[in-house]
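Data first, discussion second: the structure below is written as structure tokens.
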Amino acid sequence: MTNRNLNVKEDDLYSGYNDYNPLFDFKELENDANFQEAIKSSHGKRVLLQPIGAHLTDFTPGGRPLTCSSGSRTPMPSSVSRPVTATVQQSGAARPMSAISAAGYSSSPTRCPGFDSLGQSRGLAPPLEEKKEDTPEEKIKLLEKKVNDLITESCMAQSTGNSQLALEKAKEAEKKERALVRQQEQSEDPDQINLDLTYAVLLNLANQCENNEMYPEALNHYLVIIKNKMFTTAGRLKVNMANIWVKQKNYTKAVKFYRMALDHISDDYKEMRIKIMQNIGTVFMLLGQYSEAVSSFEHIMRNSANVRSGYNLVLCYYAIRDAEGMKNAFHELLAVPLDVQHEDKYMAANDDIRSNILMEVIKNDKLYQMERELKARAEKYVMTAAKLIAPVIESSFSAGFDWCVDLVKNSPYAELANDLQLKKAMTFFRQMHFDQAMKILKEVAKQDSKVKSAAANNLSSLFILEKDYEQAERYADLAVNADRYNPGAFVCKGNTEFVKQDYAKAAEFFKEALRNDSSCTEALRNLGLTYKKLSRLEDALDCFLKLQAILRDSAEVMYQLADIYEQLEDPHQAVEWLMQVISVVPNDPKALAKLGDLHDLEGDKSQALHYYCESFRLFPCNMEVIEWLAAYYVQTQLYEKAIHYFNRAILVQPNEVRWQLMVARCYRRSGNGQKALETYREIHRKFPEDAQCLRFLVRLCQDMGLKEVHDYANKLKKVEKMKELREQRAKAEREGGTRNKRNEASDVNAEGVPKGERSTAPAMSLPTSNEPYEKSSNPDELDASYVDPLGPLADQPRIGSKKRVDDDVFAGEDLGDELLPE
């Protein structure tokens, strides 16, 4: 007892205040190596993410109950209120021992129910709530969706080119948007009004009105947007209004609105401000205020230089004839960087197949196409500016062009120097200075440059025009050798073969040109003409049909098609193509005459008369048309109208006795014998050796009982006798020439001398005593005054069955010998 009492300690009033669960001692956790190693593991990380209550248990990891510092197993007061870990809770489910225990599973089926993955134990799900579309909020959402869809449809229609449909959709969107605004105003929350949607609807409607050229309506819609102070950035739309004023050619208001828009745009938007300044300068050019335009473009070139502004600056200085300004502006234009990569970047190694395929794809992409377009546009501006200022910046055109060429050679556009030389040569051609032009072309042709082939090409064409076919062929060969892929070189080579009438070779060169460039219209046209020469009409027709597909409105191509169809004996197709020619060039007299000829072939006299009359109205000097019209009126016995056309023929061919005889015949057939007699007398005075005129004079004088009949009869006998003598002498000369040739050939053969070694002149035969002596031995010259006036035209080739003014028109007028007095 004593010992036991000694072992009992006395109760301390302050004991237990420092007793606490060691798990709450977080101050020492940073120094606990095991704890730090545990939290670095994946399990520790997951535990740390759980709520703090999941970690605090009354059991040690070994399953032993926690004890206080004095060794008591009594739980702490702070942990009395929470359930003990791994105990069965009121719901019957066992609380998991740790946080990683599988959810819903337990080793004891009595303590935990089975896992219900589909939640079937909770019963049927409650029914879905029906969507209430009658509420104001739902109506507003539906209307907003419809308005957005209409705006999208309007923009898509405009992108496809259907401007009318785009405008209709834009107007419908505006109506829907107004209804939407009314509903939003009637709702309890007026802040729901979508200002962005209203802005989009009005802007789209204004754009569509502008696209449909409804400029007043577009301006009104833009004003509605600008006047609404709720739209903070609406001031920029004044640029669109200025563009509309430009389209309406109200340039003063356009400048005003451009400047107002410039005031609304801050300096942060540098690119937009530069574009507006460029528009201002362009409008000043349209107004003729070039000094103001110069100020705008110089501001652009100082801050953000571009090729277009530099070109416009050159134009402004040219307009005010400021030579120094033009030089400075041209220098600034050449200093503008192209920002286009060199084409060497598209070159790949020959042994790398993959790289070559990639480069081939890149060469045809949109970026490369855009680079080529930018470069081509810049080169066009430089070339045009140089051609414009060259004649005025120096004392002579040549000196000005030389200054431009020297400046271009020292610029990024150095490859354009030879092109400028070609332009200089072409300008000399237009100024009729052929020697200087040829000199420049020969210099360029000697250089190893890209334009060598073009220079040789031009030289070949020039020599063809000068009919120096040897030089033309030489330079054509040079052009082909310089650039085997130049279609123009093969066209020139084909032309040289064409003029030598070697049509087969010419066709081959034209085909080669088409293989290099299938759209080369010159090669296609020349190939068609070559096939016509070779009588390959079907191939020629195919060439010109392809050419017509390229040159839709070419009257020449249509005329060639009509001519080919006529040769193919298809007059209906020929008429159709000629009608298309008339629709393109309604004042072409040749096409109208051709139409008249084709209608005459088909027997449609009225249509033929119409087109011949139209052709005569446009060109009253076409003898074929005059002849057809005169013959037509003679056949229809309208002699007064026939005389009108015969008089026109006399004006065109005053030395042709035939037309004057026709006039006299018309007077005689119309019953006006006195006028016919006067006409014949006038003809005899002009052509005293015309036997036909004398015969009609004898006939008329005999019918009218005039004493002059004997004089005209004697003159007729003399004229006929002289004609017979000349015919005999011409026949004798022809026979004598034939005998001399035979004698010469026999003499040469007898002496054994090769033919052609000696030439003997035929002896001139003297006339007999009763034969008039004539120096001229040409039978054509001797018989020129005595040929039947209707004879020569009978041998002329004619297309179709045009009417001819011949003796058949005046049938029944036999002037035999019995009418002559004894």
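Following the order of the structure tokens, first chain is A, next is B, and so on, with residues numbered from 1 inside each chain and ligands from 1 in the order they appear.
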
Do a neighbour search on stretch 298-307 of chain A at 7 Å with only C-alpha atoms, toss out local chain neighbours closer than 3 positions, and write the hits as a count of residues only. 8

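With only C-alpha atoms as the atoms that count, the residue of A:Leu313, A:Leu595, A:Ala631, A:Met426 with the shortest distance to A:Ser291 is A:Leu313.
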
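For stretch 643-653 of chain A, the list of residues within 8 Å, based on only C-alpha atoms and with local chain neighbours fewer than 2 positions off taken out, reads Pro620, Cys621, Met623, Ile626, Glu627, Leu629, Ala630, Tyr639, Glu640, Lys641, Asn655, Glu656, Trp659, Gln660, Met662, Val663 and Cys666 of chain A.
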
From stretch 256-344 of chain A, collect each residue whose DSSP state is helix (DSSP H, G or I) and return the set as a ChimeraX atom specification. /A:256-264,270-287,290-303,307-319,323-335,343-344

For the residues in that selection, give me C-alpha atoms as a short mmCIF file (atom, residue, chain, number, x, y, z; two decimals), in the first residue's frame.
data_model
loop_
_atom_site.label_atom_id
_atom_site.label_comp_id
_atom_site.auth_asym_id
_atom_site.auth_seq_id
_atom_site.Cartn_x
_atom_site.Cartn_y
_atom_site.Cartn_z
CA LYS A 256 -14.42 67.33 -97.79
CA PHE A 257 -15.56 63.93 -96.52
CA TYR A 258 -12.09 62.40 -96.95
CA ARG A 259 -10.64 65.11 -94.73
CA MET A 260 -13.43 64.67 -92.17
CA ALA A 261 -12.71 60.93 -92.09
CA LEU A 262 -9.01 61.70 -91.68
CA ASP A 263 -9.83 63.78 -88.58
CA HIS A 264 -11.69 60.84 -86.99
CA LYS A 270 -0.99 54.90 -90.10
CA GLU A 271 -1.79 52.66 -93.06
CA MET A 272 -5.41 53.78 -93.22
CA ARG A 273 -4.43 57.43 -93.03
CA ILE A 274 -1.97 56.92 -95.91
CA LYS A 275 -4.68 55.35 -98.06
CA ILE A 276 -7.05 58.25 -97.38
CA MET A 277 -4.30 60.72 -98.27
CA GLN A 278 -3.76 58.81 -101.49
CA ASN A 279 -7.47 59.13 -102.30
CA ILE A 280 -7.32 62.85 -101.59
CA GLY A 281 -4.42 63.26 -104.00
CA THR A 282 -6.23 61.27 -106.68
CA VAL A 283 -9.36 63.44 -106.33
CA PHE A 284 -7.25 66.59 -106.63
CA MET A 285 -5.86 65.17 -109.88
CA LEU A 286 -9.41 64.67 -111.13
CA LEU A 287 -10.19 68.26 -110.17
CA TYR A 290 -2.21 69.35 -109.43
CA SER A 291 -0.35 71.49 -106.90
CA GLU A 292 -2.61 70.22 -104.10
CA ALA A 293 -2.20 66.69 -105.40
CA VAL A 294 1.59 67.10 -105.36
CA SER A 295 1.43 68.05 -101.66
CA SER A 296 -0.57 64.93 -100.82
CA PHE A 297 1.65 62.56 -102.76
CA GLU A 298 4.87 64.10 -101.44
CA HIS A 299 3.56 63.60 -97.89
CA ILE A 300 2.93 59.94 -98.71
CA MET A 301 6.37 59.46 -100.29
CA ARG A 302 8.03 60.95 -97.17
CA ASN A 303 6.13 58.79 -94.66
CA VAL A 307 4.85 52.67 -106.24
CA ARG A 308 1.38 53.98 -107.00
CA SER A 309 1.87 57.27 -105.20
CA GLY A 310 5.27 57.73 -106.84
CA TYR A 311 3.74 57.18 -110.28
CA ASN A 312 0.93 59.65 -109.54
CA LEU A 313 3.52 62.19 -108.39
CA VAL A 314 5.30 61.85 -111.74
CA LEU A 315 1.99 62.45 -113.52
CA CYS A 316 1.26 65.58 -111.48
CA TYR A 317 4.66 67.09 -112.25
CA TYR A 318 4.17 66.19 -115.91
CA ALA A 319 0.82 67.98 -115.90
CA ALA A 323 11.04 69.06 -115.54
CA GLU A 324 13.03 69.01 -112.31
CA GLY A 325 10.02 67.78 -110.39
CA MET A 326 9.56 64.97 -112.90
CA LYS A 327 13.17 63.91 -112.52
CA ASN A 328 12.98 63.93 -108.72
CA ALA A 329 9.66 62.08 -108.72
CA PHE A 330 10.99 59.46 -111.13
CA HIS A 331 14.04 59.02 -108.93
CA GLU A 332 11.78 58.53 -105.88
CA LEU A 333 9.68 56.05 -107.84
CA LEU A 334 12.76 53.94 -108.61
CA ALA A 335 13.83 54.11 -104.94
CA GLU A 343 13.12 34.21 -107.91
CA ASP A 344 16.26 32.31 -106.86
#

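The closest residue to A:Cys520, picked from A:Ser411, A:Thr160, A:Asn486, A:Ser535 and counting only C-alpha atoms, is A:Asn486.
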
Considering only C-alpha atoms, return as an mmCIF file with C-alpha atoms, in the first residue's frame whatever protein or nucleic-acid residues lie within 9 Å of A:Glu379, sequence-local ones (same chain, fewer than 5 positions apart) excluded.
data_model
loop_
_atom_site.group_PDB
_atom_site.id
_atom_site.type_symbol
_atom_site.label_atom_id
_atom_site.label_comp_id
_atom_site.auth_asym_id
_atom_site.auth_seq_id
_atom_site.Cartn_x
_atom_site.Cartn_y
_atom_site.Cartn_z
ATOM 1 C CA LEU A 374 3.045 43.370 -107.691
ATOM 2 C CA THR A 384 4.966 54.228 -118.499
ATOM 3 C CA TYR A 413 14.661 47.733 -112.016
ATOM 4 C CA LEU A 416 14.013 47.070 -117.557
#

Excluding same-chain residues fewer than 2 positions from A:Gln702, what lies within 12 Å of it counting only C-alpha atoms, as number ranges by chain? A: 677, 695-700, 704-713, 818-821

Selection from above, N, CA, C and O atoms, as a compact mmCIF listing (two decimals), in the first residue's frame, can you write it?
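Final file, out_25.txt:
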# COMPACT_ATOMS: atom_id res chain seq x y z
N LEU A 677 -28.29 60.65 -178.77
CA LEU A 677 -27.43 61.14 -179.84
C LEU A 677 -26.38 62.09 -179.31
O LEU A 677 -25.20 62.01 -179.68
N ARG A 695 -20.78 52.93 -184.65
CA ARG A 695 -21.90 52.13 -185.13
C ARG A 695 -23.23 52.67 -184.62
O ARG A 695 -24.21 52.78 -185.37
N PHE A 696 -23.29 53.01 -183.33
CA PHE A 696 -24.53 53.55 -182.79
C PHE A 696 -24.85 54.93 -183.36
O PHE A 696 -26.02 55.28 -183.57
N LEU A 697 -23.82 55.73 -183.67
CA LEU A 697 -24.06 57.03 -184.30
C LEU A 697 -24.65 56.86 -185.70
O LEU A 697 -25.57 57.58 -186.11
N VAL A 698 -24.10 55.89 -186.43
CA VAL A 698 -24.64 55.63 -187.77
C VAL A 698 -26.10 55.19 -187.66
O VAL A 698 -26.96 55.63 -188.44
N ARG A 699 -26.39 54.32 -186.73
CA ARG A 699 -27.75 53.81 -186.56
C ARG A 699 -28.72 54.93 -186.20
O ARG A 699 -29.80 55.07 -186.79
N LEU A 700 -28.34 55.77 -185.26
CA LEU A 700 -29.23 56.84 -184.82
C LEU A 700 -29.42 57.90 -185.92
O LEU A 700 -30.54 58.39 -186.15
N MET A 704 -32.95 58.90 -187.68
CA MET A 704 -33.46 60.26 -187.55
C MET A 704 -33.32 61.04 -188.86
O MET A 704 -33.73 62.20 -188.94
N GLY A 705 -32.73 60.43 -189.90
CA GLY A 705 -32.61 61.08 -191.20
C GLY A 705 -31.64 62.23 -191.21
O GLY A 705 -31.85 63.21 -191.93
N LEU A 706 -30.57 62.12 -190.49
CA LEU A 706 -29.58 63.19 -190.42
C LEU A 706 -28.53 63.01 -191.51
O LEU A 706 -28.23 61.89 -191.93
N LYS A 707 -27.99 64.13 -191.98
CA LYS A 707 -26.97 64.09 -193.03
C LYS A 707 -25.62 63.62 -192.52
O LYS A 707 -24.75 63.30 -193.32
N GLU A 708 -25.42 63.61 -191.23
CA GLU A 708 -24.12 63.23 -190.66
C GLU A 708 -23.87 61.74 -190.77
O GLU A 708 -22.77 61.27 -190.44
N VAL A 709 -24.85 61.00 -191.27
CA VAL A 709 -24.70 59.55 -191.31
C VAL A 709 -23.54 59.14 -192.20
O VAL A 709 -22.82 58.18 -191.90
N HIS A 710 -23.34 59.83 -193.34
CA HIS A 710 -22.25 59.47 -194.25
C HIS A 710 -20.89 59.74 -193.63
O HIS A 710 -19.96 58.93 -193.79
N ASP A 711 -20.76 60.83 -192.89
CA ASP A 711 -19.47 61.12 -192.24
C ASP A 711 -19.12 60.03 -191.22
O ASP A 711 -17.98 59.54 -191.17
N TYR A 712 -20.11 59.68 -190.42
CA TYR A 712 -19.84 58.66 -189.39
C TYR A 712 -19.59 57.29 -190.03
O TYR A 712 -18.77 56.50 -189.52
N ALA A 713 -20.27 57.03 -191.17
CA ALA A 713 -20.03 55.75 -191.85
C ALA A 713 -18.62 55.67 -192.40
O ALA A 713 -17.95 54.63 -192.31
N GLU A 818 -25.84 45.37 -192.53
CA GLU A 818 -26.89 45.91 -193.39
C GLU A 818 -27.32 47.30 -192.97
O GLU A 818 -27.96 48.02 -193.74
N LEU A 819 -26.96 47.72 -191.79
CA LEU A 819 -27.35 49.07 -191.36
C LEU A 819 -26.40 50.12 -191.89
O LEU A 819 -26.69 51.29 -191.80
N LEU A 820 -25.26 49.68 -192.41
CA LEU A 820 -24.29 50.67 -192.88
C LEU A 820 -24.66 51.13 -194.29
O LEU A 820 -25.04 50.31 -195.13
N PRO A 821 -24.51 52.38 -194.60
CA PRO A 821 -24.82 52.87 -195.94
C PRO A 821 -23.78 52.39 -196.93
O PRO A 821 -22.63 52.12 -196.57

Can you check which parts of stretch 519-583 of chain A lie within 9 Å of stretch 498-506 of chain A? Per residue, the shortest pair of atoms and distance in Å to one decimal, counting only C-alpha atoms, sorted by chain and number, as a Markdown table.
| residue | atom | partner | partner_atom | distance |
| --- | --- | --- | --- | --- |
| A:Asn526 | CA | A:Ala506 | CA | 8.8 |
| A:Leu527 | CA | A:Ala506 | CA | 7.9 |
| A:Thr530 | CA | A:Tyr503 | CA | 6.0 |
| A:Tyr531 | CA | A:Tyr503 | CA | 8.0 |
| A:Lys533 | CA | A:Tyr503 | CA | 7.3 |
| A:Leu534 | CA | A:Tyr503 | CA | 6.9 |

Export N, CA and C atoms of the chosen residues as a short mmCIF file (atom, residue, chain, number, x, y, z; two decimals), in the first residue's frame?
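Result written to result.cif:
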data_model
loop_
_atom_site.label_atom_id
_atom_site.label_comp_id
_atom_site.auth_asym_id
_atom_site.auth_seq_id
_atom_site.Cartn_x
_atom_site.Cartn_y
_atom_site.Cartn_z
N ASN A 526 -2.27 33.15 -138.47
CA ASN A 526 -1.42 32.87 -139.63
C ASN A 526 -1.50 31.40 -140.04
N LEU A 527 -1.68 30.50 -139.06
CA LEU A 527 -1.82 29.09 -139.41
C LEU A 527 -3.12 28.86 -140.20
N THR A 530 -2.54 30.03 -143.67
CA THR A 530 -1.67 29.08 -144.38
C THR A 530 -2.46 27.87 -144.85
N TYR A 531 -3.34 27.37 -144.00
CA TYR A 531 -4.18 26.24 -144.41
C TYR A 531 -5.10 26.62 -145.57
N LYS A 533 -4.25 28.66 -147.93
CA LYS A 533 -3.38 28.59 -149.11
C LYS A 533 -3.14 27.15 -149.55
N LEU A 534 -3.11 26.24 -148.57
CA LEU A 534 -2.91 24.83 -148.89
C LEU A 534 -4.21 24.12 -149.25
#

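The residue that comes closest to A:Leu420, out of A:Asn34, A:Ser398, A:Ser460, A:Thr233 and on the basis of only C-alpha atoms, is A:Ser398.
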
Excluding stretch 509-513 of chain A and any residue of its chain fewer than 6 positions from it, enumerate the residues within 7 Å of it, using only C-alpha atoms, and give them as an NGL selection string. :A and (487 or 490-491 or 493-494 or 523 or 527)

Would you export the selected residues with all heavy atoms as a PDB file, in the first residue's frame, please?
ATOM      1  N   PRO A 487       7.193  32.492-128.621  1.00  0.00           N
ATOM      2  CA  PRO A 487       6.300  32.186-129.755  1.00  0.00           C
ATOM      3  C   PRO A 487       6.400  33.204-130.878  1.00  0.00           C
ATOM      4  O   PRO A 487       6.222  32.869-132.052  1.00  0.00           O
ATOM      5  CB  PRO A 487       4.907  32.180-129.108  1.00  0.00           C
ATOM      6  CG  PRO A 487       5.047  33.010-127.873  1.00  0.00           C
ATOM      7  CD  PRO A 487       6.444  32.799-127.396  1.00  0.00           C
ATOM      8  N   PHE A 490       8.983  32.210-133.547  1.00  0.00           N
ATOM      9  CA  PHE A 490       8.523  31.205-134.502  1.00  0.00           C
ATOM     10  C   PHE A 490       7.482  31.778-135.460  1.00  0.00           C
ATOM     11  O   PHE A 490       7.387  31.337-136.612  1.00  0.00           O
ATOM     12  CB  PHE A 490       7.951  30.007-133.753  1.00  0.00           C
ATOM     13  CG  PHE A 490       8.999  29.155-133.107  1.00  0.00           C
ATOM     14  CD1 PHE A 490       9.291  29.294-131.753  1.00  0.00           C
ATOM     15  CD2 PHE A 490       9.711  28.227-133.847  1.00  0.00           C
ATOM     16  CE1 PHE A 490      10.260  28.514-131.159  1.00  0.00           C
ATOM     17  CE2 PHE A 490      10.688  27.439-133.257  1.00  0.00           C
ATOM     18  CZ  PHE A 490      10.977  27.584-131.903  1.00  0.00           C
ATOM     19  N   VAL A 491       6.712  32.747-134.996  1.00  0.00           N
ATOM     20  CA  VAL A 491       5.757  33.406-135.897  1.00  0.00           C
ATOM     21  C   VAL A 491       6.503  34.148-136.999  1.00  0.00           C
ATOM     22  O   VAL A 491       6.135  34.071-138.190  1.00  0.00           O
ATOM     23  CB  VAL A 491       4.833  34.355-135.112  1.00  0.00           C
ATOM     24  CG1 VAL A 491       3.999  35.197-136.059  1.00  0.00           C
ATOM     25  CG2 VAL A 491       3.916  33.562-134.188  1.00  0.00           C
ATOM     26  N   LYS A 493       9.524  33.506-138.068  1.00  0.00           N
ATOM     27  CA  LYS A 493      10.153  32.509-138.943  1.00  0.00           C
ATOM     28  C   LYS A 493       9.118  31.921-139.906  1.00  0.00           C
ATOM     29  O   LYS A 493       9.398  31.726-141.094  1.00  0.00           O
ATOM     30  CB  LYS A 493      10.758  31.404-138.073  1.00  0.00           C
ATOM     31  CG  LYS A 493      11.477  30.313-138.864  1.00  0.00           C
ATOM     32  CD  LYS A 493      12.653  30.861-139.651  1.00  0.00           C
ATOM     33  CE  LYS A 493      13.395  29.746-140.374  1.00  0.00           C
ATOM     34  NZ  LYS A 493      14.480  30.261-141.215  1.00  0.00           N
ATOM     35  N   GLY A 494       7.918  31.675-139.399  1.00  0.00           N
ATOM     36  CA  GLY A 494       6.862  31.196-140.279  1.00  0.00           C
ATOM     37  C   GLY A 494       6.472  32.217-141.326  1.00  0.00           C
ATOM     38  O   GLY A 494       6.160  31.866-142.476  1.00  0.00           O
ATOM     39  N   ALA A 523      -0.078  33.429-134.162  1.00  0.00           N
ATOM     40  CA  ALA A 523       0.259  32.132-134.757  1.00  0.00           C
ATOM     41  C   ALA A 523      -0.999  31.406-135.222  1.00  0.00           C
ATOM     42  O   ALA A 523      -1.012  30.776-136.289  1.00  0.00           O
ATOM     43  CB  ALA A 523       1.017  31.284-133.727  1.00  0.00           C
ATOM     44  N   LEU A 527      -1.675  30.504-139.064  1.00  0.00           N
ATOM     45  CA  LEU A 527      -1.824  29.092-139.408  1.00  0.00           C
ATOM     46  C   LEU A 527      -3.117  28.860-140.199  1.00  0.00           C
ATOM     47  O   LEU A 527      -3.136  28.088-141.159  1.00  0.00           O
ATOM     48  CB  LEU A 527      -1.829  28.246-138.133  1.00  0.00           C
ATOM     49  CG  LEU A 527      -1.929  26.735-138.327  1.00  0.00           C
ATOM     50  CD1 LEU A 527      -0.758  26.213-139.150  1.00  0.00           C
ATOM     51  CD2 LEU A 527      -1.992  26.028-136.975  1.00  0.00           C
TER      52      LEU A 527
END

Leaving out A:Lys423 and any residue of its chain fewer than 3 positions from it, which residues lie within 12 Å of it when counting only C-alpha atoms, given as a count of residues only? 30

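A straight line drawn from atom CA of A:Glu508 to atom CA of A:Leu524 is 11.7 Å long.
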